[in-house]
Structure formats: C-alpha cells, structure tokens
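To keep things clear, I will list the structure first and then write my remarks on it.
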Amino acid sequence: MSEAAALGLEHVTVHLGGRPVLHDLSLDLVPGEMLALVGPNGSGKTTALRVMASALEPAAGRVLLDGALLADRARRMRARDVAYLPQGFRSHWNLTVAELIRLGRERGAGWLPGGVAGGASVRGRPVPPPAALDLDRLLTRRLDDLSGGERARAALAWALAAPARLLLADEPTASLDIAHALAVMRLLASLRGAMTVVVVVHDLGLALAHADRVAVLDGGRLRAVGTPRAVLASGAADDAFGLSFRPVAAAVGTWPVAVAPEPAGAAVADGAERPKRG
Ligand SMILES: Nc1ncnc2c1ncn2[C@@H]1O[C@H](COP(=O)(O)OP(=O)(O)OP(=O)(O)O)[C@@H](O)[C@H]1O
C-alpha cells in the first residue's frame with residue numbers, strides 16, 4: 001500500500017448557521033496525488049477541507065481514510081497522518097519562526113520512534129528544510145514582526161514540519177508574491193507520491209499548472225473534477241466564476257500557464273472561442 005493517504009468523501013452534506021453549505025459531496029483522493037480545490041468565495045472550499053481534516057462533522061455522509069471512518073481514528077493518529085493548514089493560520093504565541101517549526105515537528109514527534117530531529121526526510125517522507133520556503137534568513141524573527149507573506153510561509157513550514165500522509169493546505173499562496181507562490185506550488189507538487197496533497201488556491205493558472213487534478217466547487221456542490229485540461233475544457237470554471245477562461249500558453253501543465261479570463265459575454269462579442277464542453 002502506498003504510504004500516501006487515500007481519503008474519500010461519501011455524500012457529505014454540511015450545514016452551517018442553519019444553512020446547507022456543502023451538498024452531497026463525493027470525492028475520492030488518489031493516494032499521492034495533488035488535488036487543487038478551486039471555486040468562488042463562499043463556494044465551500046474551506047468547509048470541504050475542514051471536513052477532510054475532521055475539524056467539522058458533516059450532517060450527513062462519511063469521510064474515510066484508507067477505507068476506515070476518519071472520525072473513529074484516535075486524535076493522535078489523525079494528527080500524525082493529517083497535516084492541516086487552516087486559512088489565515090495564526091499562532092497563539094508570538095514565537096520565532098524556528099520555534100514555530102519546532103512546534104510543528106513536535107506535533108508528530110510523540111508518535112515517531114526516537115522523535116523528530118529534523119532533516120530532509122523522516123520515515124521516508126520529505127520534510128522540507130526552511131530554505132525551501134525562503135525562511136532561512138527569518139528563523140530568529142518573531143511572527144508578529146513578519147510581513148503577511150513571510151508569516152504565511154512560516155505557517156506552511158509549521159504544517160510541513162511533521163511528515164504527514166495527507167496535507168490539507170487552505171490558500172497557502174493567498175498572500176504570496178508570484179515568485180513565492182510559484183515556489184510553494186512547486187514545493188507542494190514535489191511532495192506528491194510521498195503524501196496526498198489537497199490545496200485550496202484562487203489562482204486558476206497556478207492550480208492548472210501544478211495539480212494532477214482540479215476540483216471545482218460552486219454553491220457547495222462539486223461541479224467538476226478531473227485533469228486540469230479536462231476541467232478547463234468542461235466549462236465548469238467558466239460557469240462557477242461567470243468568466244470565460246482559455247489557455248494562453250501552448251500547453252496546460254507547463255509554467256507559465258496563464259488563463260485569460262473575460263466576462264462570458266465579451267468572449268462571444270470579440271469572437272474568442274469558448275472552450276468546448278465535454
Ligand atoms: N460558521 C459559519 N456559520 C454560518 N455560515 C458559515 C460559517 N462558516 C462559513 N459559512 C458559510 O459557508 C459558505 C462556505 O464557506 P467557506 O468558507 O467554505 O467558503 P470558501 O469557498 O472557502 O470561500 P473563500 O474563497 O471566501 O475562502 C459561505 O457561504 C459562508 O458564508
């Protein structure tokens with residue numbers, strides 16, 4: 001069996017504030033894949049990730065990790081297997097970056113033989129060094145004294161410090177400049193195989209260029225899931241955002257890929273071709 005986790009959502013429905021925000025969501029993660037979750041604001045991406053992290057109990061449906069109910073797993077087993085980086089992660093304490101990373105290591109250390117001394121690999125799974133997130137110069141700096149993007153990279157380092165089998169990262173690139181956003185997506189892509197990666201990302205170009213599969217959520221429903229090429233061609237993203245996306249670079253799956261969004265009406269008016277559905 002692959003060390004990377006197989007996560008399955010089966011007919012998951014979630015109500016928040018008395019309102020359904022996820023409707024009958026079924027999604028199987030392929031062990032070792034990188035799945036990008038995209039969709040408009042309020043479409044349910046964070047909610048879906050919280051369900052996957054067992055941070056939120058669905059009103060209906062089941063979440064399975066390697067075929068067994070995730071909720072039935074002991075908390076410490078879940079903490080070992082699942083690394084969850086919430087949106088806008090904030091530490092309770094004004095730690096240094098090095099202390100935050102150490103805290104992340106300790107999250108998994110109790111369950112690892114001999115603890116985690118740090119390094120490039122634990123139990124055969126990669127633990128990226130701080131330099132991979134351009135944090136080596138910031139290790140002694142306190143979180144409150146960092147810029148938003150620097151803090152976001154420190155938060156990702158915290159999530160990656162213990163070697164999990166499933167990484168759930170909610171908008172890790174939201175406050176990053178384009179070079180750091182690209183570096184983070186490449187880093188997450190490099191973890192594929194060793195772990196299963198789910199990343200919520202707003203930049204469709206980044207999602208299409210790096211993920212094995214893309215899932216489009218809209219109105220709490222899964223509108224499409226498949227390879228970047230298939231999802232772009234399906235028109236699901238066009239419908240979700242009310243825009244017309246078309247690939248600008250020659251091939252989806254290479255960088256740089258830009259998707260040129262235009263208001264759906266404008267694409268017709270200026271003769272641009274709308275991607276074929278299928
Ligand atoms: N605690 C809550 N109580 C009531 N409604 C909530 C709560 N949390 C989220 N919602 C609603 O659930 C829906 C889905 O929210 P969610 O945070 O999952 O969206 P999202 O796709 O992650 O959005 P964004 O792109 O803005 O981060 C939204 O309509 C939101 O207003």
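Letters for chains follow the order of the structure tokens (A, B, ...), residue numbers begin at 1 for each chain, and ligand numbers begin at 1 in the order shown.
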
Please write out the residues within 10 Å of ligand 1 as number ranges by chain, counting only C-alpha atoms and all ligand atoms. A: 14-22, 37-51, 87-88, 170-171, 174, 200-202, 217-220

Mind the document's chain letters and residue numbers, and return as a VMD selection string the residues of segment 11-238 of chain A that DSSP labels helix (DSSP H, G or I). chain A and resid 45 to 52 70 to 72 75 to 81 97 to 109 130 to 133 136 to 138 143 to 145 148 to 160 178 to 191 204 to 210 228 to 234 236 to 238

Contacts of Arg186 of chain A at 12 Å or less, counting only C-alpha atoms, minus same-chain residues fewer than 2 places along, as JSON, numbers by chain? {"A": [34, 128, 132, 133, 173, 179, 180, 181, 182, 183, 184, 188, 189, 190, 191, 192, 206, 207, 209, 210, 211, 254, 255]}

Report as an MDAnalysis selection string all protein, DNA and RNA residues lying within 12 Å of Met52 of chain A, evaluated on only C-alpha atoms, omitting residues in the same chain fewer than 4 positions from it. chainID A and resid 5:10 12 14 25:29 45:48 56:58 61:65 69:71 78 81:86 166:170 197:199

Show which residues sit within 12 Å of Gly148 of chain A, as a list of chain:residue names. Count only C-alpha atoms, and ignore same-chain residues fewer than 5 positions away. A:Gly88, A:Phe89, A:Arg90, A:Leu143, A:Arg153, A:Ala154, A:Ala155, A:Pro172, A:Thr173, A:Ala174, A:Ser175, A:Leu176, A:Asp177

Which residue is closest to Phe241 of chain A? Choose from A:Leu156, A:Ala164, A:Val225, A:Val216 and count only C-alpha atoms.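 Checking each of A:Leu156, A:Ala164, A:Val225, A:Val216 against Phe241 of chain A, counting only C-alpha atoms, the winner is A:Val216.
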
Strand (DSSP E or B) positions in segment 42-241 of chain A, given as a PyMOL selection string: chain A and resi 60-65+68-69+82-85+96+121-122+125-126+142+166-170+192+195-200+213-218+221-226

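With only C-alpha atoms taken into account, the protein and nucleic acid residues at most 7 Å from Val259 of chain A (excluding it and anything under 2 positions from it in its own chain) are Gly205, Phe245, Arg246, Pro247, Val248, Val257 and Pro261 of chain A.
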
Considering only C-alpha atoms, can you say which of A:Ala74, A:Ala53, A:Leu204, A:Ala157 comes closest to Asp134 of chain A?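 For Asp134 of chain A, the nearest of the given residues is A:Ala157.
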
Could you produce a table of the residues of segment 140-220 of chain A lying within 7 Å of segment 91-110 of chain A, with the nearest pair of atoms per residue and their separation in Å rounded to one decimal, using only C-alpha atoms, ordered by chain and increasing residue number, as a Markdown table?
| residue | atom | partner | partner_atom | distance |
| --- | --- | --- | --- | --- |
| A:Thr140 | CA | A:Thr96 | CA | 5.5 |
| A:Arg141 | CA | A:Thr96 | CA | 5.1 |
| A:Arg142 | CA | A:Thr96 | CA | 4.0 |
| A:Leu143 | CA | A:Asn94 | CA | 5.6 |
| A:Asp144 | CA | A:Asn94 | CA | 6.1 |
| A:Ala154 | CA | A:Val97 | CA | 6.1 |
| A:Ala157 | CA | A:Ile101 | CA | 6.2 |
| A:Trp158 | CA | A:Gly104 | CA | 4.6 |
| A:Ala159 | CA | A:Gly104 | CA | 6.2 |
| A:Ala161 | CA | A:Arg105 | CA | 4.9 |
| A:Ala162 | CA | A:Arg105 | CA | 4.7 |

Dump as a short mmCIF file (atom, residue, chain, number, x, y, z; two decimals), in the first residue's frame, selection limited to N, CA and C atoms:
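Written out: result_20.cif:
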data_model
loop_
_atom_site.label_atom_id
_atom_site.label_comp_id
_atom_site.auth_asym_id
_atom_site.auth_seq_id
_atom_site.Cartn_x
_atom_site.Cartn_y
_atom_site.Cartn_z
N THR A 140 15.11 33.49 13.24
CA THR A 140 15.14 34.08 14.58
C THR A 140 14.13 35.23 14.73
N ARG A 141 13.40 35.51 13.67
CA ARG A 141 12.43 36.61 13.73
C ARG A 141 11.11 36.14 14.34
N ARG A 142 10.44 37.04 15.06
CA ARG A 142 9.15 36.70 15.68
C ARG A 142 8.01 36.91 14.69
N LEU A 143 6.97 36.07 14.84
CA LEU A 143 5.88 36.07 13.87
C LEU A 143 5.22 37.44 13.73
N ASP A 144 5.06 38.15 14.86
CA ASP A 144 4.39 39.46 14.80
C ASP A 144 5.20 40.48 14.01
N ALA A 154 5.93 30.81 6.91
CA ALA A 154 6.26 30.18 8.20
C ALA A 154 5.15 29.20 8.61
N ALA A 157 5.51 26.08 6.73
CA ALA A 157 6.64 25.31 7.28
C ALA A 157 6.19 24.57 8.54
N TRP A 158 5.37 25.20 9.37
CA TRP A 158 4.81 24.54 10.56
C TRP A 158 4.02 23.29 10.14
N ALA A 159 3.16 23.45 9.11
CA ALA A 159 2.31 22.33 8.68
C ALA A 159 3.15 21.19 8.11
N ALA A 161 6.28 20.48 8.93
CA ALA A 161 7.42 20.10 9.79
C ALA A 161 7.34 18.65 10.26
N ALA A 162 6.12 18.13 10.41
CA ALA A 162 5.97 16.71 10.76
C ALA A 162 5.51 15.99 9.50
#
